[in-house]
$ cat work.cif   # mmCIF, C-alpha atoms and all ligand atoms
data_run
loop_
_atom_site.label_atom_id
_atom_site.label_comp_id
_atom_site.auth_asym_id
_atom_site.auth_seq_id
_atom_site.Cartn_x
_atom_site.Cartn_y
_atom_site.Cartn_z
CA MET A 59 -59.54 6.58 39.55
CA LEU A 60 -58.00 5.52 36.27
CA PHE A 61 -58.06 9.09 35.06
CA LYS A 62 -56.29 10.24 38.17
CA HIS A 63 -53.67 7.60 37.62
CA ILE A 64 -53.10 8.64 34.02
CA LEU A 65 -52.82 12.27 35.07
CA LEU A 66 -50.28 11.38 37.72
CA THR A 67 -48.17 9.38 35.28
CA TYR A 68 -48.37 12.26 32.86
CA PHE A 69 -47.03 14.71 35.39
CA VAL A 70 -44.21 12.39 36.41
CA LEU A 71 -43.21 12.12 32.77
CA ILE A 72 -43.35 15.84 32.29
CA SER A 73 -41.26 16.39 35.36
CA LEU A 74 -38.57 13.94 34.38
CA ASN A 75 -38.30 14.36 30.65
CA ILE A 76 -39.10 17.87 29.65
CA ASN A 77 -38.23 19.56 32.84
CA ALA A 78 -36.43 22.41 31.17
CA GLN A 79 -39.53 23.62 29.42
CA PHE A 80 -41.66 23.61 32.51
CA PHE A 81 -39.41 24.89 35.21
CA ASP A 82 -36.92 27.62 35.68
CA ASN A 83 -35.53 26.98 39.05
CA GLU A 84 -32.41 26.98 41.10
CA GLU A 85 -31.01 24.11 39.13
CA TYR A 86 -30.99 23.88 35.41
CA TYR A 87 -31.89 20.85 33.35
CA PHE A 88 -31.17 21.28 29.73
CA ASN A 89 -33.30 19.60 27.18
CA ILE A 90 -32.17 18.66 23.70
CA SER A 91 -35.56 19.42 22.20
CA ASP A 92 -35.53 22.96 23.55
CA THR A 93 -33.79 24.57 20.60
CA PRO A 94 -32.55 28.02 21.48
CA ILE A 95 -33.47 29.47 18.08
CA ARG A 96 -37.20 30.03 18.62
CA THR A 97 -37.24 33.59 19.91
CA LYS A 98 -39.20 36.73 19.27
CA LYS A 99 -37.69 39.39 17.08
CA LEU A 100 -36.88 41.90 19.76
CA ILE A 101 -35.32 39.66 22.32
CA ASN A 102 -32.47 38.41 20.20
CA ASN A 103 -31.37 41.67 18.73
CA THR A 104 -28.97 43.59 20.93
CA ASP A 105 -29.44 46.92 19.15
CA LEU A 106 -33.22 46.73 19.42
CA LEU A 107 -33.00 45.94 23.12
CA ASN A 108 -30.64 48.83 23.72
CA SER A 109 -32.86 51.31 21.91
CA TYR A 110 -35.93 49.90 23.68
CA LEU A 111 -34.35 50.82 26.99
CA PHE A 112 -33.15 54.18 25.68
CA GLN A 113 -36.71 55.35 25.02
CA TYR A 114 -37.44 55.21 28.75
CA ASN A 115 -34.32 57.17 29.70
CA LEU A 116 -34.43 55.56 33.14
CA LYS A 117 -32.96 57.51 36.00
CA LYS A 118 -32.99 56.94 39.70
CA HIS A 119 -36.49 56.65 41.19
CA ASN A 120 -38.23 56.73 37.79
CA ILE A 121 -41.08 54.28 37.92
CA ILE A 122 -42.91 52.83 34.95
CA TYR A 123 -44.72 49.89 36.53
CA ILE A 124 -45.91 48.98 40.02
CA ILE A 125 -46.76 45.28 40.18
CA PRO A 126 -48.81 43.81 43.03
CA VAL A 127 -47.44 40.63 44.56
CA LYS A 128 -49.91 38.27 46.18
CA PHE A 129 -48.57 35.88 48.80
CA TRP A 130 -50.16 32.52 49.62
CA ILE A 131 -48.76 31.26 52.89
CA ILE A 132 -48.99 27.61 53.83
CA LYS A 133 -49.69 27.83 57.54
CA ASN A 134 -46.87 26.69 59.76
CA LYS A 135 -47.55 26.15 63.46
CA LYS A 136 -43.89 26.52 64.40
CA LYS A 137 -43.14 29.64 62.42
CA THR A 138 -45.68 32.28 61.48
CA ILE A 139 -45.16 34.47 58.48
CA GLY A 140 -47.00 37.69 59.23
CA PRO A 141 -47.25 41.21 57.80
CA SER A 142 -43.73 42.21 58.85
CA GLU A 143 -42.12 39.24 57.06
CA LEU A 144 -44.14 40.05 53.94
CA LYS A 145 -43.06 43.68 54.21
CA LYS A 146 -39.43 42.50 54.24
CA PHE A 147 -39.98 40.47 51.05
CA ILE A 148 -41.41 43.57 49.32
CA GLN A 149 -38.65 45.81 50.66
CA TYR A 150 -35.88 43.52 49.38
CA LEU A 151 -37.59 43.29 46.00
CA ASN A 152 -37.86 47.06 45.78
CA TYR A 153 -34.27 47.44 46.96
CA TYR A 154 -32.80 45.25 44.19
CA TYR A 155 -35.08 46.60 41.46
CA SER A 156 -34.50 50.23 42.46
CA ILE A 157 -30.69 50.19 42.87
CA ASN A 158 -30.57 48.89 39.30
CA ASN A 159 -32.94 51.62 37.99
CA THR A 160 -35.28 49.08 36.44
CA GLY A 161 -38.33 51.38 36.55
CA ILE A 162 -40.21 48.51 38.23
CA ARG A 163 -41.61 48.59 41.75
CA PHE A 164 -43.65 46.03 43.68
CA SER A 165 -46.51 46.38 46.13
CA LEU A 166 -48.01 43.95 48.60
CA ARG A 167 -51.50 42.92 47.57
CA PRO A 168 -53.54 43.41 50.75
CA ASP A 169 -55.54 40.20 50.25
CA TYR A 170 -52.68 37.80 50.95
CA GLN A 171 -53.98 34.45 52.15
CA TYR A 172 -53.15 31.68 54.57
CA ILE A 173 -53.71 28.09 53.52
CA ASN A 174 -54.39 25.59 56.24
CA LYS A 175 -52.98 22.43 54.65
CA GLU A 176 -50.18 20.90 56.59
CA LYS A 177 -49.39 18.37 53.87
CA LEU A 178 -48.26 21.22 51.62
CA LEU A 179 -45.74 22.56 54.13
CA ASN A 180 -42.89 20.47 52.79
CA LEU A 181 -43.84 20.64 49.16
CA ARG A 182 -42.69 17.87 46.83
CA TYR A 183 -41.00 19.54 43.94
CA TYR A 184 -41.93 17.20 41.08
CA LEU A 185 -45.49 16.27 41.90
CA GLN A 186 -47.00 18.85 44.19
CA ALA A 187 -45.28 22.05 43.10
CA PRO A 188 -46.66 22.22 39.52
CA PHE A 189 -50.19 21.21 40.66
CA GLN A 190 -50.32 23.77 43.45
CA SER A 191 -48.84 26.46 41.30
CA LEU A 192 -51.62 25.96 38.74
CA LYS A 193 -54.29 25.82 41.43
CA ILE A 194 -53.34 28.55 43.87
CA LYS A 195 -53.40 31.84 42.00
CA SER A 196 -55.16 35.15 41.46
CA LYS A 197 -55.37 37.33 38.37
CA ALA A 198 -53.47 40.55 37.64
CA CYS A 199 -50.61 40.01 40.09
CA ILE A 200 -47.52 37.92 40.64
CA ASN A 201 -48.48 34.89 42.75
CA VAL A 202 -45.96 33.70 45.32
CA ILE A 203 -46.61 30.60 47.43
CA ILE A 204 -44.55 30.37 50.62
CA VAL A 205 -43.88 26.85 51.87
CA ASN A 206 -41.64 25.59 54.64
CA LYS A 207 -39.44 23.46 52.38
CA LEU A 208 -39.32 22.72 48.69
CA VAL A 209 -38.07 19.16 48.49
CA LYS A 210 -36.79 17.44 45.39
CA LYS A 211 -36.61 13.70 45.64
CA LYS A 212 -35.58 11.93 42.49
CA LEU A 213 -37.28 8.68 41.69
CA PHE A 214 -35.12 5.65 42.56
CA LYS A 215 -32.79 7.84 44.58
CA SER A 216 -33.08 8.29 48.30
CA LYS A 217 -31.19 11.57 48.45
CA LYS A 218 -33.32 14.64 48.93
CA LYS A 219 -32.43 18.11 47.76
CA LYS A 220 -33.89 21.32 49.08
CA TYR A 221 -34.64 24.31 46.93
CA ALA A 222 -35.03 27.96 47.74
CA GLY A 223 -37.42 28.82 44.97
CA THR A 224 -38.91 27.91 41.62
CA TYR A 225 -40.77 29.63 38.83
CA ASN A 226 -43.32 27.75 36.77
CA PRO A 227 -43.60 29.17 33.22
CA ILE A 228 -46.97 27.49 32.62
CA SER A 229 -48.80 28.97 35.60
CA HIS A 230 -46.41 31.94 35.87
CA GLY A 231 -46.42 31.22 39.60
CA ILE A 232 -43.52 31.33 42.02
CA ILE A 233 -42.93 29.07 45.01
CA ILE A 234 -40.38 29.99 47.66
CA SER A 235 -39.38 28.32 50.88
CA GLY A 236 -39.51 30.30 54.11
CA ASN A 237 -35.77 30.60 54.60
CA ILE A 238 -34.23 32.21 51.54
CA SER A 239 -31.50 34.68 50.66
CA THR A 240 -32.48 38.31 50.20
CA SER A 241 -32.07 38.06 46.39
CA THR A 242 -34.05 34.85 45.74
CA LEU A 243 -37.46 36.42 45.18
CA SER A 244 -35.90 39.06 42.88
CA HIS A 245 -34.32 36.18 40.91
CA GLU A 246 -37.62 34.27 40.56
CA ILE A 247 -39.48 37.42 39.54
CA GLY A 248 -36.67 37.99 37.02
CA HIS A 249 -37.86 34.71 35.43
CA TYR A 250 -41.46 35.95 35.51
CA LEU A 251 -40.23 39.02 33.63
CA GLY A 252 -38.62 36.91 30.91
CA LEU A 253 -35.04 36.45 32.09
CA LYS A 254 -33.08 33.20 31.83
CA HIS A 255 -29.98 32.01 33.65
CA PRO A 256 -26.75 33.35 32.10
CA HIS A 257 -25.26 29.82 32.38
CA ARG A 258 -28.16 28.22 30.50
CA GLY A 259 -26.89 25.24 28.51
CA TRP A 260 -23.19 25.69 29.41
CA LYS A 261 -22.66 21.97 30.06
CA TYR A 262 -23.77 21.01 26.57
CA LYS A 263 -21.27 21.87 23.90
CA TRP A 264 -23.81 22.17 21.15
CA PHE A 265 -25.83 24.85 22.99
CA GLN A 266 -23.06 26.48 24.94
CA GLU A 267 -22.73 30.27 24.82
CA PRO A 268 -19.20 31.26 23.77
CA VAL A 269 -17.13 33.77 25.75
CA SER A 270 -16.61 35.86 22.59
CA ARG A 271 -19.27 38.53 22.08
CA THR A 272 -18.69 38.76 18.34
CA ARG A 273 -18.64 35.10 17.32
CA LEU A 274 -21.35 34.40 14.73
CA ILE A 275 -23.53 31.37 14.18
CA PRO A 276 -21.82 29.70 11.20
CA GLY A 277 -23.30 30.75 7.88
CA THR A 278 -25.31 33.64 9.38
CA HIS A 279 -24.84 37.22 10.58
CA ILE A 280 -26.38 36.40 13.94
CA LYS A 281 -24.24 36.78 17.03
CA MET A 282 -24.11 33.61 19.09
CA CYS A 283 -24.57 35.55 22.35
CA GLU A 284 -28.03 36.57 21.07
CA ARG A 285 -29.14 32.95 20.78
CA ARG A 286 -27.22 31.03 23.43
CA GLY A 287 -27.21 31.15 27.21
CA ASP A 288 -29.71 33.81 28.31
CA ARG A 289 -29.71 35.25 24.74
CA LEU A 290 -28.36 38.57 25.99
CA CYS A 291 -24.96 39.93 24.98
CA ASP A 292 -24.22 42.16 27.96
CA THR A 293 -24.33 39.25 30.41
CA PRO A 294 -21.02 37.41 29.97
CA ALA A 295 -21.08 33.69 29.18
CA GLU A 296 -20.53 31.73 32.35
CA PRO A 297 -20.51 28.24 33.83
CA ASN A 298 -22.91 27.45 36.68
CA LEU A 299 -21.27 29.63 39.34
CA THR A 300 -22.30 27.51 42.33
CA LYS A 301 -19.11 25.48 41.92
CA TYR A 302 -16.94 28.32 40.66
CA THR A 303 -17.36 31.14 43.17
CA ASP A 304 -16.34 31.43 46.80
CA ASN A 305 -18.21 32.84 49.75
CA LYS A 306 -16.76 36.31 49.11
CA CYS A 307 -18.10 36.41 45.53
CA ASN A 308 -14.71 35.76 43.86
CA TYR A 309 -14.68 33.72 40.68
CA THR A 310 -12.61 30.56 41.17
CA GLY A 311 -12.96 28.79 37.82
CA TRP A 312 -9.72 30.12 36.31
CA ASN A 313 -9.13 27.00 34.27
CA VAL A 314 -12.68 26.60 32.94
CA LYS A 315 -12.89 27.27 29.23
CA ASP A 316 -15.61 27.36 26.61
CA LYS A 317 -15.47 24.93 23.70
CA TYR A 318 -13.34 27.37 21.71
CA GLY A 319 -10.73 27.41 24.46
CA GLU A 320 -11.52 30.86 25.85
CA THR A 321 -11.51 31.43 29.60
CA TYR A 322 -14.78 32.60 31.16
CA LYS A 323 -14.92 36.06 32.72
CA PRO A 324 -18.27 36.08 34.51
CA ASP A 325 -19.91 38.75 36.59
CA THR A 326 -20.32 37.29 40.06
CA HIS A 327 -23.07 39.72 41.03
CA ASN A 328 -25.81 39.09 38.51
CA ILE A 329 -29.18 38.40 40.13
CA MET A 330 -29.92 35.68 37.54
CA SER A 331 -26.67 33.77 38.28
CA TYR A 332 -26.10 30.90 40.68
CA THR A 333 -23.25 32.22 42.82
CA TYR A 334 -22.27 29.94 45.72
CA ASN A 335 -23.21 32.71 48.12
CA ARG A 336 -26.59 33.88 46.86
CA GLU A 337 -26.15 37.19 48.69
CA CYS A 338 -23.52 38.14 46.07
CA ARG A 339 -26.35 38.79 43.63
CA ASN A 340 -27.40 42.42 43.30
CA LYS A 341 -27.15 43.44 39.63
CA PHE A 342 -29.27 43.49 36.50
CA THR A 343 -27.63 44.51 33.20
CA LYS A 344 -29.11 47.08 30.80
CA GLN A 345 -30.33 44.38 28.42
CA GLN A 346 -31.87 42.39 31.26
CA ILE A 347 -33.78 45.53 32.28
CA ALA A 348 -34.85 46.14 28.67
CA LEU A 349 -36.08 42.56 28.34
CA MET A 350 -38.03 42.80 31.61
CA LEU A 351 -39.74 46.02 30.47
CA TYR A 352 -40.46 44.48 27.07
CA THR A 353 -41.96 41.37 28.68
CA LEU A 354 -44.10 43.60 30.88
CA SER A 355 -45.36 45.59 27.90
CA LYS A 356 -46.71 42.30 26.50
CA ASN A 357 -48.33 41.22 29.77
CA LYS A 358 -52.12 41.36 29.52
CA TYR A 359 -52.43 42.91 32.97
CA SER A 360 -49.76 45.58 32.51
CA LYS A 361 -52.43 48.22 31.89
CA TYR A 362 -53.28 47.94 35.58
CA TRP A 363 -49.64 48.35 36.54
CA LYS A 364 -48.49 51.11 34.25
CA ILE A 365 -48.05 54.32 36.17
CA GLN A 366 -48.75 56.56 33.14
CA ASN A 367 -52.29 55.25 32.96
CA ASN A 368 -54.51 58.08 34.28
CA LYS A 369 -56.80 55.94 36.36
CA ASN A 370 -53.89 54.15 37.98
CA GLN A 371 -52.23 57.40 38.96
CA LYS A 372 -54.98 58.18 41.42
CA PHE A 373 -54.68 54.85 43.16
CA PHE A 374 -51.01 53.97 43.26
CA PRO A 375 -49.47 52.92 46.56
CA ASP A 376 -46.91 55.28 48.11
CA ALA A 377 -43.33 54.26 48.74
CA PHE A 378 -43.98 53.67 52.47
CA GLU A 379 -46.32 50.76 51.83
CA PRO A 380 -46.95 48.14 53.07
CA ASP A 381 -47.92 49.75 56.39
CA ASN A 382 -51.42 48.44 57.13
CA HIS A 383 -50.57 47.04 60.56
CA GLN A 384 -49.02 48.35 63.73
CA GLU A 385 -46.14 45.91 63.26
CA THR A 386 -45.42 47.24 59.77
CA ALA A 387 -45.65 50.92 60.71
CA THR A 388 -43.32 53.30 58.86
CA GLU A 389 -41.07 55.54 60.94
CA ILE A 390 -41.62 59.30 60.65
CA PHE A 391 -39.10 61.82 61.95
CA PHE A 392 -39.66 65.29 63.43
CA ASN A 393 -39.72 68.16 60.92
CA THR A 394 -39.55 65.72 58.00
CA PRO A 395 -42.91 65.62 56.15
CA GLN A 396 -44.12 62.51 54.34
CA ILE A 397 -46.75 62.19 51.62
CA HIS A 398 -48.92 59.08 51.78
CA SER A 399 -51.74 57.78 49.64
CA PHE A 400 -54.79 55.61 50.08
CA HIS A 401 -54.69 53.22 47.19
CA LYS A 402 -56.52 50.52 45.33
CA THR A 403 -55.34 47.32 43.73
CA PHE A 404 -57.03 46.18 40.53
CA THR A 405 -57.82 42.50 40.57
CA GLY A 406 -58.30 41.98 36.83
CA ARG A 407 -62.02 41.41 37.40
CA LYS A 408 -64.44 44.13 36.45
CA LYS A 409 -65.43 46.48 39.24
CA ILE A 410 -63.58 44.49 41.87
CA GLU A 411 -60.82 46.53 43.39
CA ILE A 412 -59.17 46.07 46.74
CA PRO A 413 -59.09 49.36 48.67
CA ASP A 414 -56.29 50.05 51.09
CA THR A 415 -57.46 52.79 53.41
CA THR A 416 -55.19 52.36 56.44
CA ASP A 417 -51.66 53.57 57.16
CA TRP A 418 -49.62 53.06 60.30
CA LEU A 419 -46.70 55.28 61.24
CA PHE A 420 -44.52 55.48 64.32
CA PHE A 421 -42.10 57.90 65.93
CA GLU A 422 -39.81 57.85 68.87
CA LEU A 423 -39.81 60.64 71.42
CA LYS A 424 -36.45 61.04 73.10
CA THR A 425 -36.83 63.66 75.80
CA GLN A 426 -36.25 64.12 79.52
CA LYS A 427 -39.42 66.02 80.40
CA PRO A 428 -42.95 65.47 79.04
CA GLN A 429 -43.65 67.76 76.09
CA THR A 430 -46.38 68.58 73.58
CA ILE A 431 -46.22 67.03 70.11
CA ILE A 432 -48.14 68.47 67.15
CA ILE A 433 -49.06 66.26 64.20
CA LYS A 434 -49.92 68.48 61.22
CA PHE A 435 -51.70 67.62 57.99
CA PRO A 436 -51.06 70.40 55.43
CA GLU A 437 -53.38 70.45 52.41
CA ILE A 438 -52.04 69.40 49.02
CA ASN A 439 -53.45 71.50 46.12
CA ASN A 440 -56.55 72.39 48.19
CA LEU A 441 -57.47 68.72 48.45
CA PHE A 442 -57.99 66.93 51.72
CA PRO A 443 -59.33 63.43 52.39
CA GLU A 444 -61.71 62.64 55.22
CA ILE A 445 -59.58 60.85 57.78
CA LYS A 446 -59.56 59.54 61.33
CA ILE A 447 -56.31 59.73 63.25
CA SER A 448 -55.63 57.56 66.30
CA VAL A 449 -52.48 57.77 68.40
CA PHE A 450 -51.31 54.81 70.47
CA LYS A 451 -48.58 54.26 73.00
CA GLY A 452 -47.98 50.53 72.80
CA SER A 453 -51.52 49.18 72.52
CA ASN A 454 -53.13 52.01 74.53
CA LEU A 455 -55.17 54.56 72.63
CA ILE A 456 -54.08 58.04 73.76
CA THR A 457 -56.00 60.39 71.52
CA GLU A 458 -58.21 60.32 68.45
CA LYS A 459 -59.58 62.91 65.99
CA LYS A 460 -61.48 63.19 62.73
CA LEU A 461 -60.32 65.64 60.10
CA THR A 462 -62.10 66.78 56.93
CA ASP A 463 -61.48 69.53 54.40
CA LYS A 464 -63.73 71.71 56.58
CA SER A 465 -61.62 71.31 59.72
CA TYR A 466 -60.16 74.69 60.68
CA LEU A 467 -56.94 73.37 62.20
CA LYS A 468 -55.74 70.30 60.39
CA GLU A 469 -53.68 69.05 63.28
CA LEU A 470 -53.67 66.89 66.37
CA LYS A 471 -51.87 67.51 69.67
CA ILE A 472 -50.42 65.05 72.13
CA ILE A 473 -50.22 67.01 75.38
CA LYS A 474 -47.42 66.22 77.84
CA ALA A 475 -46.13 63.28 75.89
CA ILE A 476 -43.67 61.15 77.83
CA PRO A 477 -40.60 59.57 76.15
CA GLY A 478 -41.08 56.37 74.17
CA GLU A 479 -42.50 54.94 70.97
CA TYR A 480 -45.79 56.26 69.57
CA PHE A 481 -47.95 54.80 66.81
CA ILE A 482 -50.21 56.83 64.52
CA LYS A 483 -53.04 55.10 62.67
CA ILE A 484 -54.60 57.02 59.79
CA ARG A 485 -57.76 55.72 58.22
CA GLN A 486 -59.72 57.13 55.30
CA ILE A 487 -63.38 57.40 56.32
CA VAL A 488 -64.90 58.16 52.92
CA GLU A 489 -63.37 56.63 49.79
CA THR A 490 -63.15 59.13 46.94
CA GLU A 491 -61.63 59.45 43.50
CA ARG A 492 -59.94 62.78 44.13
CA GLU A 493 -58.71 63.07 47.69
CA ASN A 494 -56.40 60.13 48.06
CA PHE A 495 -53.23 61.86 49.26
CA TYR A 496 -52.24 63.49 52.49
CA LYS A 497 -49.16 65.12 53.87
CA ILE A 498 -48.11 64.57 57.47
CA SER A 499 -45.42 66.23 59.58
CA LEU A 500 -44.39 66.15 63.23
CA PHE A 501 -43.29 69.04 65.44
CA LYS A 502 -42.10 69.36 69.02
ZN ZN A 601 -33.56 30.63 38.33
#

$ encode --input "work.cif" --output "structure tokens"
Amino acid sequence: MLFKHILLTYFVLISLNINAQFFDNEEYYFNISDTPIRTKKLINNTDLLNSYLFQYNLKKHNIIYIIPVKFWIIKNKKKTIGPSELKKFIQYLNYYYSINNTGIRFSLRPDYQYINKEKLLNLRYYLQAPFQSLKIKSKACINVIIVNKLVKKKLFKSKKKKYAGTYNPISHGIIISGNISTSTLSHEIGHYLGLKHPHRGWKYKWFQEPVSRTRLIPGTHIKMCERRGDRLCDTPAEPNLTKYTDNKCNYTGWNVKDKYGETYKPDTHNIMSYTYNRECRNKFTKQQIALMLYTLSKNKYSKYWKIQNNKNQKFFPDAFEPDNHQETATEIFFNTPQIHSFHKTFTGRKKIEIPDTTDWLFFELKTQKPQTIIIKFPEINNLFPEIKISVFKGSNLITEKKLTDKSYLKELKIIKAIPGEYFIKIRQIVETERENFYKISLFK
């Protein structure tokens, strides 16, 4: 009992006094003892960062890492978060990371879990959040706990504040509340990948990042932008933008100056900023991307995520994932082939991998008269997996067929199909190392 009490006091102290070191969340608390000088060699040298990124020569759709995200959902009787909500989270993540050519993609770990503990639904930010974040986690993935509300209640103050998300640098876990902007999870994962807020320390003159990109730390040759704020020089210095941007993403802090008297010129679209309208955020800078890739290269699990790794190549999820349920089926169009894969997620534990052997697709048949539909599965490089195909209209099974590399006609017909929405379930019957891909196309 005494021990529990001491532990509790300890966590309260941590939360109140050295908050900045433990949390990177939607509000920043700066701490005097957190000197901005202690950094690794690479991450405070602009030239090194730029050349680090150059080596990858990132273009559209180039992918270097695919990182599994595991969700832990605190069960809510009023609002269920199911596969289609999780798919949306992954799609938004992949949208923001792909439009910025980061080379990073995310996949949904199939073993997401529900937690039946009502008392965690409205999670207390200071006491419960760090405990739960340390407790609820798996290896070799990014852990995201979804709660109903993340509530911050300061001691001796009755006012409560709600938060959208938080990242805990000790557990490396993320907690988000159910109702968040489309960019919030990308922001929190930005923290996981080593990024800080561009406005970090702006309120404190001693630590403030100057607007000037060339100003040096007195008596050194080190640029201040490499050591202050987010320690990156291609993200402009900025105040906390919550107060200084409007709903349309315009900067409104015309009279706000740094301690040298220079007016701020922030970017109101950076994903790591705090714009008043969080939907304004859609950009990562080159140096932010370089720092994320550098952080990943140091992550002990990155060998499971790196696409160049030979073993991984056989088991990577396709771009249509997640599609393991009827409600998360991917749309396929006539005469437009798609290539899918059956994949595996490495769990960081030896010989324990999570197979994902099911894909759901759907198509819409717009026609007056019933007509025959052919679903074809052309071979890729003479390889063909053993699969079972089931076609549904709504929840009714219409037709079913097994196909192997020995099947003469690798196709399935729906005779006299009537207009409407059809679902195709494709399941791998025998798991193999070689035949993990298939091509599918639809014809009328
Ligand atoms: Zn943040």

$ residues_near_ligand --input "work.cif" --ligand "ligand ZN 601 (chain A)" --cutoff "12 Å" --atoms "only C-alpha atoms and all ligand atoms" --output "PDB file with C-alpha atoms, in the frame of the given file"
ATOM      1  CA  ALA A  78     -36.430  22.410  31.170  1.00  0.00           C
ATOM      2  CA  PHE A  81     -39.410  24.890  35.210  1.00  0.00           C
ATOM      3  CA  ASP A  82     -36.920  27.620  35.680  1.00  0.00           C
ATOM      4  CA  ASN A  83     -35.530  26.980  39.050  1.00  0.00           C
ATOM      5  CA  GLU A  84     -32.410  26.980  41.100  1.00  0.00           C
ATOM      6  CA  GLU A  85     -31.010  24.110  39.130  1.00  0.00           C
ATOM      7  CA  TYR A  86     -30.990  23.880  35.410  1.00  0.00           C
ATOM      8  CA  TYR A  87     -31.890  20.850  33.350  1.00  0.00           C
ATOM      9  CA  TYR A 221     -34.640  24.310  46.930  1.00  0.00           C
ATOM     10  CA  ALA A 222     -35.030  27.960  47.740  1.00  0.00           C
ATOM     11  CA  GLY A 223     -37.420  28.820  44.970  1.00  0.00           C
ATOM     12  CA  THR A 224     -38.910  27.910  41.620  1.00  0.00           C
ATOM     13  CA  TYR A 225     -40.770  29.630  38.830  1.00  0.00           C
ATOM     14  CA  ASN A 226     -43.320  27.750  36.770  1.00  0.00           C
ATOM     15  CA  PRO A 227     -43.600  29.170  33.220  1.00  0.00           C
ATOM     16  CA  ILE A 232     -43.520  31.330  42.020  1.00  0.00           C
ATOM     17  CA  ILE A 233     -42.930  29.070  45.010  1.00  0.00           C
ATOM     18  CA  ILE A 234     -40.380  29.990  47.660  1.00  0.00           C
ATOM     19  CA  SER A 241     -32.070  38.060  46.390  1.00  0.00           C
ATOM     20  CA  THR A 242     -34.050  34.850  45.740  1.00  0.00           C
ATOM     21  CA  LEU A 243     -37.460  36.420  45.180  1.00  0.00           C
ATOM     22  CA  SER A 244     -35.900  39.060  42.880  1.00  0.00           C
ATOM     23  CA  HIS A 245     -34.320  36.180  40.910  1.00  0.00           C
ATOM     24  CA  GLU A 246     -37.620  34.270  40.560  1.00  0.00           C
ATOM     25  CA  ILE A 247     -39.480  37.420  39.540  1.00  0.00           C
ATOM     26  CA  GLY A 248     -36.670  37.990  37.020  1.00  0.00           C
ATOM     27  CA  HIS A 249     -37.860  34.710  35.430  1.00  0.00           C
ATOM     28  CA  TYR A 250     -41.460  35.950  35.510  1.00  0.00           C
ATOM     29  CA  LEU A 251     -40.230  39.020  33.630  1.00  0.00           C
ATOM     30  CA  GLY A 252     -38.620  36.910  30.910  1.00  0.00           C
ATOM     31  CA  LEU A 253     -35.040  36.450  32.090  1.00  0.00           C
ATOM     32  CA  LYS A 254     -33.080  33.200  31.830  1.00  0.00           C
ATOM     33  CA  HIS A 255     -29.980  32.010  33.650  1.00  0.00           C
ATOM     34  CA  PRO A 256     -26.750  33.350  32.100  1.00  0.00           C
ATOM     35  CA  HIS A 257     -25.260  29.820  32.380  1.00  0.00           C
ATOM     36  CA  ARG A 258     -28.160  28.220  30.500  1.00  0.00           C
ATOM     37  CA  ASP A 288     -29.710  33.810  28.310  1.00  0.00           C
ATOM     38  CA  ASN A 298     -22.910  27.450  36.680  1.00  0.00           C
ATOM     39  CA  ASN A 328     -25.810  39.090  38.510  1.00  0.00           C
ATOM     40  CA  ILE A 329     -29.180  38.400  40.130  1.00  0.00           C
ATOM     41  CA  MET A 330     -29.920  35.680  37.540  1.00  0.00           C
ATOM     42  CA  SER A 331     -26.670  33.770  38.280  1.00  0.00           C
ATOM     43  CA  TYR A 332     -26.100  30.900  40.680  1.00  0.00           C
ATOM     44  CA  THR A 333     -23.250  32.220  42.820  1.00  0.00           C
ATOM     45  CA  ARG A 336     -26.590  33.880  46.860  1.00  0.00           C
TER      46      ARG A 336
END

$ closest_residue --input "work.cif" --among "A:Tyr496, A:Phe400, A:Tyr362, A:Tyr352" --to "Gln113 of chain A" --atoms "all atoms listed in the file"
A:Tyr352

$ residues_near_point --input "work.cif" --point "(-18.4, 31.2, 45.0)" --cutoff "9 Å" --atoms "only C-alpha atoms" --output "number ranges by chain"
A: 299-310, 326, 332-336, 338

$ atom_distance --input "work.cif" --atom1 "atom CA of Ile347 of chain A" --atom2 "atom CA of Thr160 of chain A"
5.7 Å

$ axis_aligned_box --input "work.cif" --around "segment 483-499 of chain A" --padding-each-side "5 Å" --output "JSON"
{"center_x": -55.2, "center_y": 60.7, "center_z": 53.1, "size_x": 29.5, "size_y": 21.1, "size_z": 29.2}

$ atom_distance --input "work.cif" --atom1 "atom CA of Ile498 of chain A" --atom2 "atom CA of Asn367 of chain A"
26.6 Å

$ atom_distance --input "work.cif" --atom1 "atom CA of Gly161 of chain A" --atom2 "atom CA of Leu116 of chain A"
6.7 Å

$ closest_residue --input "work.cif" --among "A:Ile431, A:Ile487, A:Ile200, A:Val205" --to "Gln186 of chain A" --atoms "all atoms listed in the file"
A:Val205

$ closest_residue --input "work.cif" --among "A:Lys468, A:Tyr322, A:Thr405, A:Arg289" --to "Leu349 of chain A" --atoms "only C-alpha atoms"
A:Arg289

$ closest_residue --input "work.cif" --among "A:Phe112, A:Phe450, A:Tyr172, A:Trp312" --to "Glu296 of chain A" --atoms "only C-alpha atoms"
A:Trp312

$ residues_near_point --input "work.cif" --point "(-55.1, 69.2, 45.8)" --cutoff "12 Å" --atoms "only C-alpha atoms" --output "VMD selection string"
chain A and resid 372 436 to 443 463 491 to 497

$ residues_around --input "work.cif" --residues "Lys195 of chain A" --least-positions-apart "5" --cutoff "9 Å" --atoms "all atoms listed in the file" --output "short mmCIF file (atom, residue, chain, number, x, y, z; two decimals) with C-alpha atoms, in the coordinates of the input"
data_model
loop_
_atom_site.label_atom_id
_atom_site.label_comp_id
_atom_site.auth_asym_id
_atom_site.auth_seq_id
_atom_site.Cartn_x
_atom_site.Cartn_y
_atom_site.Cartn_z
CA LYS A 128 -49.91 38.27 46.18
CA TRP A 130 -50.16 32.52 49.62
CA GLN A 190 -50.32 23.77 43.45
CA ILE A 200 -47.52 37.92 40.64
CA ASN A 201 -48.48 34.89 42.75
CA VAL A 202 -45.96 33.70 45.32
CA ILE A 203 -46.61 30.60 47.43
CA SER A 229 -48.80 28.97 35.60
CA GLY A 231 -46.42 31.22 39.60
#
